[in-house]
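Student: Next comes the structure file structure27.txt, holding compact mmCIF, C-alpha atoms.
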# COMPACT_ATOMS: atom_id res chain seq x y z
CA SER A 539 63.39 31.49 80.27
CA ALA A 540 66.09 31.52 77.58
CA MET A 541 68.36 29.42 79.77
CA HIS A 542 65.70 26.73 80.22
CA ARG A 543 65.04 26.67 76.46
CA ARG A 544 68.75 26.17 75.80
CA LEU A 545 68.86 23.30 78.31
CA VAL A 546 65.92 21.57 76.65
CA MET A 547 67.47 22.01 73.18
CA ALA A 548 70.84 20.69 74.36
CA SER A 549 69.18 17.67 75.97
CA GLY A 550 67.30 16.98 72.72
CA VAL A 551 70.57 16.96 70.76
CA MET A 552 72.12 14.56 73.28
CA CYS A 553 69.12 12.26 73.02
CA ARG A 554 69.37 12.11 69.24
CA ARG A 555 73.01 11.15 69.55
CA ALA A 556 72.42 8.51 72.23
CA ALA A 557 73.47 5.04 71.12
CA GLY A 558 71.05 2.13 71.52
CA ALA A 559 67.37 1.88 72.31
CA HIS A 560 67.92 1.69 76.08
CA ALA A 561 70.03 4.86 76.18
CA GLY A 562 67.57 6.62 73.90
CA ALA A 563 64.60 5.73 76.13
CA LEU A 564 66.39 6.97 79.24
CA CYS A 565 67.35 10.17 77.52
CA ALA A 566 63.79 10.76 76.33
CA LEU A 567 62.55 10.31 79.91
CA LEU A 568 65.15 12.79 81.12
CA LEU A 569 64.04 15.28 78.48
CA LEU A 570 60.39 14.90 79.57
CA LEU A 571 61.29 15.52 83.21
CA LEU A 572 63.34 18.55 82.25
CA VAL A 573 60.48 20.03 80.25
CA GLN A 574 58.11 19.52 83.20
CA ALA A 575 60.57 21.10 85.62
CA CYS A 576 61.03 24.12 83.39
CA ALA A 577 57.27 24.54 83.09
CA GLU A 578 56.95 24.60 86.88
CA VAL A 579 59.63 27.25 87.42
CA GLU A 580 58.07 30.53 88.47
CA ILE A 581 59.80 33.47 86.81
CA PRO A 582 59.05 36.56 88.91
CA PRO A 583 58.31 39.84 87.16
CA PRO A 584 60.75 42.71 87.63
CA CYS A 585 60.17 45.38 90.25
CA PRO A 586 57.17 47.47 89.11
CA ALA A 587 58.59 50.56 87.43
CA GLU A 588 55.50 52.72 87.78
CA SER A 589 54.15 51.62 91.14
CA ASP A 590 54.52 53.79 94.23
CA ARG A 591 52.56 51.39 96.45
CA ALA A 592 54.92 50.17 99.14
CA ASP A 593 52.99 46.92 99.72
CA ALA A 594 53.13 45.99 96.01
CA LEU A 595 56.84 46.80 95.89
CA VAL A 596 57.57 44.66 98.96
CA ASP A 597 55.60 41.75 97.46
CA ALA A 598 57.62 42.06 94.23
CA ALA A 599 60.86 42.14 96.22
CA ARG A 600 59.91 38.93 98.04
CA GLN A 601 59.31 37.17 94.73
CA LEU A 602 62.69 38.36 93.46
CA GLN A 603 64.36 37.11 96.65
CA ARG A 604 62.79 33.68 96.21
CA ALA A 605 64.31 33.64 92.72
CA ARG A 606 67.67 34.63 94.28
CA ARG A 607 67.73 37.92 92.40
CA GLU A 608 69.04 39.69 95.46
CA ALA A 609 70.27 42.93 93.85
CA GLU A 610 66.89 43.53 92.16
CA ALA A 611 65.06 42.66 95.36
CA ALA A 612 67.20 45.09 97.38
CA ALA A 613 66.54 47.87 94.87
CA CYS A 614 62.81 47.16 95.01
CA LEU A 615 62.86 47.32 98.82
CA GLU A 616 64.69 50.65 98.67
CA LYS A 617 61.97 51.92 96.37
CA ALA A 618 59.31 50.69 98.81
CA HIS A 619 61.06 52.40 101.71
CA ALA A 620 61.34 55.66 99.75
CA ALA A 621 57.64 55.48 98.85
CA ALA A 622 56.54 54.92 102.45
CA PRO A 623 59.37 55.43 105.01
CA THR A 624 57.21 54.30 107.94
CA PHE A 625 55.72 51.19 106.27
CA LEU A 626 56.80 48.43 108.66
CA PRO A 627 57.44 45.55 106.19
CA ALA A 628 59.54 47.86 104.01
CA LEU A 629 61.54 49.02 107.04
CA VAL A 630 62.24 45.51 108.32
CA GLU A 631 62.96 43.88 104.97
CA SER A 632 65.07 46.73 103.62
CA ALA A 633 67.03 46.62 106.89
CA ALA A 634 67.71 42.92 106.32
CA ALA A 635 68.81 43.63 102.74
CA ALA A 636 71.11 46.40 103.97
CA SER A 637 72.66 44.02 106.51
CA ARG A 638 73.23 41.34 103.86
CA ALA A 639 74.94 43.97 101.71
CA GLY A 640 77.26 44.93 104.59
CA ARG A 641 75.50 48.25 105.28
CA HIS A 642 75.10 47.48 108.96
CA GLY A 643 74.77 51.09 110.12
CA GLU A 644 71.79 51.59 107.84
CA ALA A 645 70.36 48.27 109.06
CA VAL A 646 70.62 49.47 112.67
CA ARG A 647 68.79 52.70 111.82
CA ARG A 648 65.96 50.91 110.04
CA TYR A 649 65.54 48.14 112.62
CA SER A 650 65.44 50.82 115.32
CA ALA A 651 62.75 52.72 113.41
CA ALA A 652 60.77 49.49 113.00
CA LEU A 653 60.99 48.83 116.75
CA GLY A 654 59.50 52.27 117.32
CA GLN A 655 56.34 50.92 115.70
CA GLU A 656 56.30 47.30 116.84
CA VAL A 657 58.60 45.42 119.19
CA SER A 658 59.29 41.81 118.23
CA PRO A 659 61.97 39.29 119.22
CA ALA A 660 62.93 38.73 115.57
CA THR A 661 63.58 42.43 114.92
CA LEU A 662 65.50 42.79 118.19
CA ASN A 663 67.67 39.79 117.32
CA ASN A 664 68.38 41.19 113.86
CA LEU A 665 69.21 44.58 115.37
CA ALA A 666 71.63 42.88 117.75
CA ILE A 667 73.31 41.02 114.87
CA ALA A 668 73.79 44.32 113.03
CA HIS A 669 75.28 45.90 116.17
CA GLN A 670 77.67 42.96 116.48
CA ALA A 671 78.74 43.35 112.87
CA LEU A 672 79.65 46.96 113.70
CA GLY A 673 81.61 45.83 116.75
CA ASP A 674 79.17 47.46 119.18
CA HIS A 675 78.92 44.48 121.52
CA ALA A 676 77.33 46.40 124.40
CA ALA A 677 74.43 47.48 122.17
CA ALA A 678 74.14 43.90 120.87
CA VAL A 679 73.95 42.54 124.41
CA ALA A 680 71.20 45.02 125.28
CA ALA A 681 69.16 44.07 122.19
CA TYR A 682 69.55 40.33 122.78
CA ARG A 683 68.43 40.75 126.38
CA ARG A 684 65.35 42.69 125.26
CA ALA A 685 64.55 39.90 122.81
CA LEU A 686 64.93 37.24 125.48
CA ARG A 687 62.58 39.08 127.82
CA LEU A 688 59.96 38.57 125.11
CA ASP A 689 60.93 34.98 124.23
CA GLU A 690 63.13 33.26 126.79
CA ASP A 691 62.90 29.91 124.99
CA ASP A 692 64.93 31.02 121.94
CA ALA A 693 68.14 28.97 122.16
CA SER A 694 69.78 30.86 119.30
CA ALA A 695 69.21 34.18 121.05
CA HIS A 696 70.84 32.83 124.23
CA TYR A 697 73.77 31.60 122.15
CA ASN A 698 74.09 34.89 120.29
CA LEU A 699 73.93 36.76 123.59
CA GLY A 700 76.79 34.56 124.78
CA THR A 701 78.91 35.44 121.76
CA ALA A 702 78.28 39.17 122.28
CA LEU A 703 79.14 38.91 125.99
CA GLU A 704 82.27 36.96 125.15
CA LYS A 705 83.36 39.65 122.68
CA ALA A 706 82.73 42.24 125.39
CA GLY A 707 84.96 40.28 127.79
CA GLU A 708 82.10 39.30 130.09
CA TYR A 709 83.01 35.62 130.23
CA LYS A 710 81.04 34.64 133.34
CA ALA A 711 77.83 36.07 131.88
CA ALA A 712 78.67 34.44 128.53
CA VAL A 713 78.92 31.02 130.19
CA LYS A 714 75.51 31.57 131.77
CA ALA A 715 74.04 32.43 128.36
CA TYR A 716 75.60 29.37 126.72
CA LYS A 717 74.26 27.15 129.51
CA ALA A 718 70.77 28.52 128.89
CA ALA A 719 71.13 27.66 125.19
CA ILE A 720 72.34 24.15 126.09
CA ASP A 721 69.35 23.61 128.40
CA LEU A 722 67.05 24.35 125.48
CA GLU A 723 69.01 22.51 122.75
CA PRO A 724 71.39 20.02 124.42
CA GLU A 725 72.40 18.40 121.12
CA GLU A 726 73.91 21.57 119.58
CA ALA A 727 77.70 21.12 119.68
CA LYS A 728 78.66 24.75 119.05
CA TYR A 729 77.06 25.82 122.35
CA TYR A 730 79.47 23.58 124.26
CA SER A 731 82.43 24.69 122.17
CA ASN A 732 81.78 28.38 122.77
CA MET A 733 81.16 27.80 126.45
CA GLY A 734 84.51 26.03 126.59
CA GLY A 735 86.17 29.08 125.09
CA SER A 736 84.68 31.37 127.74
CA LEU A 737 85.63 28.97 130.53
CA ALA A 738 89.18 28.82 129.21
CA ALA A 739 89.31 32.62 129.18
CA MET A 740 88.38 32.48 132.88
CA ASN A 741 91.26 30.01 133.47
CA ARG A 742 88.81 27.25 134.33
CA THR A 743 90.83 24.86 132.19
CA GLU A 744 89.54 21.55 133.52
CA THR A 745 85.89 22.55 133.13
CA ALA A 746 86.65 23.98 129.69
CA GLU A 747 88.21 20.68 128.56
CA ARG A 748 85.09 18.77 129.58
CA SER A 749 82.98 21.19 127.57
CA TYR A 750 85.19 20.80 124.49
CA LYS A 751 85.06 16.99 124.74
CA TRP A 752 81.27 16.83 124.59
Would you mind writing the structure in this file as structure tokens?
Tutor:
Amino acid sequence: SAMHRRLVMASGVMCRRAAGAHAGALCALLLLLLVQACAEVEIPPPCPAESDRADALVDAARQLQRARREAEAAACLEKAHAAAPTFLPALVESAAAASRAGRHGEAVRRYSAALGQEVSPATLNNLAIAHQALGDHAAAVAAYRRALRLDEDDASAHYNLGTALEKAGEYKAAVKAYKAAIDLEPEEAKYYSNMGGSLAAMNRTETAERSYKW
């Protein structure tokens, strides 16, 4: 890319100005490594302008995401979804892009449509996160519980369920969820901290203090 070419040129100028043989040798080595690194960088193509194949558009969006070109990737996913509204990868990945962009209502609609085709713990968890972002904690709790019925060994899902229950004021159930997360990942400090908050809300101060001190 143009940026990489400018970096190589700037490094070459610095090397020519380096004082002494030792500094010059080090600079030349640095320049060689930089050239190799630039050669290995994969520059993804833009979203295909003419294509109406949803699978090709989703593949292009993934490449753009890996290159951290999020806006282009999101636009490509929207194009994929428009081309094939029921294509599952386009539904799920455009829902994730909508959520990252703060369009949580749209994310909920698309995750829900995806679940109409295929139910998976990952999609249920993402749906729950979108519900939480909208402040719909009851819907988030329901989605997390559906996910955990499919995969009860997901510590993060137990933890997230706890946070949703806590927001809904269901502190006793939140403590139970945090304990389940702790059983699966006993080294994760935030599980204890959140459990302490729920215990404190239940006026179980002594137990809460022990949880905080973990």
Student: Which of these, A:Ala598, A:Arg606, A:Ile720, A:Asp590, has the shortest distance to His619 in chain A once you count only C-alpha atoms?
Tutor: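 Under the stated criterion, the closest residue is A:Asp590.
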Student: Using Å and a single decimal, report how far CA of Pro623 in chain A sits from CA of Gly654 in chain A.
Tutor: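 Answer for the CA of Gly654 in chain A to CA of Pro623 in chain A separation: 12.7 Å.
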Student: As AutoDock Vina command-line options, please: the centre and edge lengths in Å, to one decimal, of an axis-aligned box enclosing every listed atom of range 686-705 of chain A with 5 Å added on each side.
Tutor:
--center_x 71.7 --center_y 34.3 --center_z 123.6 --size_x 33.4 --size_y 20.7 --size_z 18.5
Student: Counting all atoms listed in the file, what is within 8 Å of Ala636 in chain A, bar same-chain residues fewer than 5 positions away, as an NGL selection string?
Tutor: :A and (612 or 641-642 or 644-645)
Student: Between CA of Ala622 in chain A and CA of Ala592 in chain A, what is the distance, to one decimal in Å?
Tutor: 6.0 Å
Student: So which residues touch Ala634 in chain A within 12 Å, counting all atoms listed in the file, skipping near sequence neighbours fewer than 3 positions away, as a ChimeraX atom specification?
Tutor: /A:603,608,611-612,615-616,627-631,637-649,652,660-661,663-665,667-668
Student: So the first atom is CA of Leu595 in chain A and the second is CA of Leu626 in chain A; what is the distance between them in Å, to one decimal place?
Tutor: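 Separation of CA of Leu595 in chain A and CA of Leu626 in chain A: 12.9 Å.
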Student: Using only C-alpha atoms for the distances, tell me which of A:Ser650, A:Gln670, A:Gln601, A:Ser731 is nearest to Thr624 in chain A.
Tutor: A:Ser650
Student: Using all atoms listed in the file, which of the listed residues (A:Glu704, A:Asp674, A:Asp597, A:Glu656) sits closest to Tyr716 in chain A?
Tutor: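 Checking each of A:Glu704, A:Asp674, A:Asp597, A:Glu656 against Tyr716 in chain A, counting all atoms listed in the file, the winner is A:Glu704.
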Student: Considering all atoms listed in the file, state which residue in the set A:Val596, A:Ala727, A:Ala635, A:Leu688 is at the smallest distance from Ala609 in chain A.
Tutor: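 Among the listed residues, the smallest separation from Ala609 in chain A belongs to A:Ala635.
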Student: Do you know which residues are at most 10 Å from Ala719 in chain A counting only C-alpha atoms, after dropping those on the same chain fewer than 6 positions away, and could you put them as a PyMOL selection string?
Tutor: chain A and resi 690-700+713+726+729-730
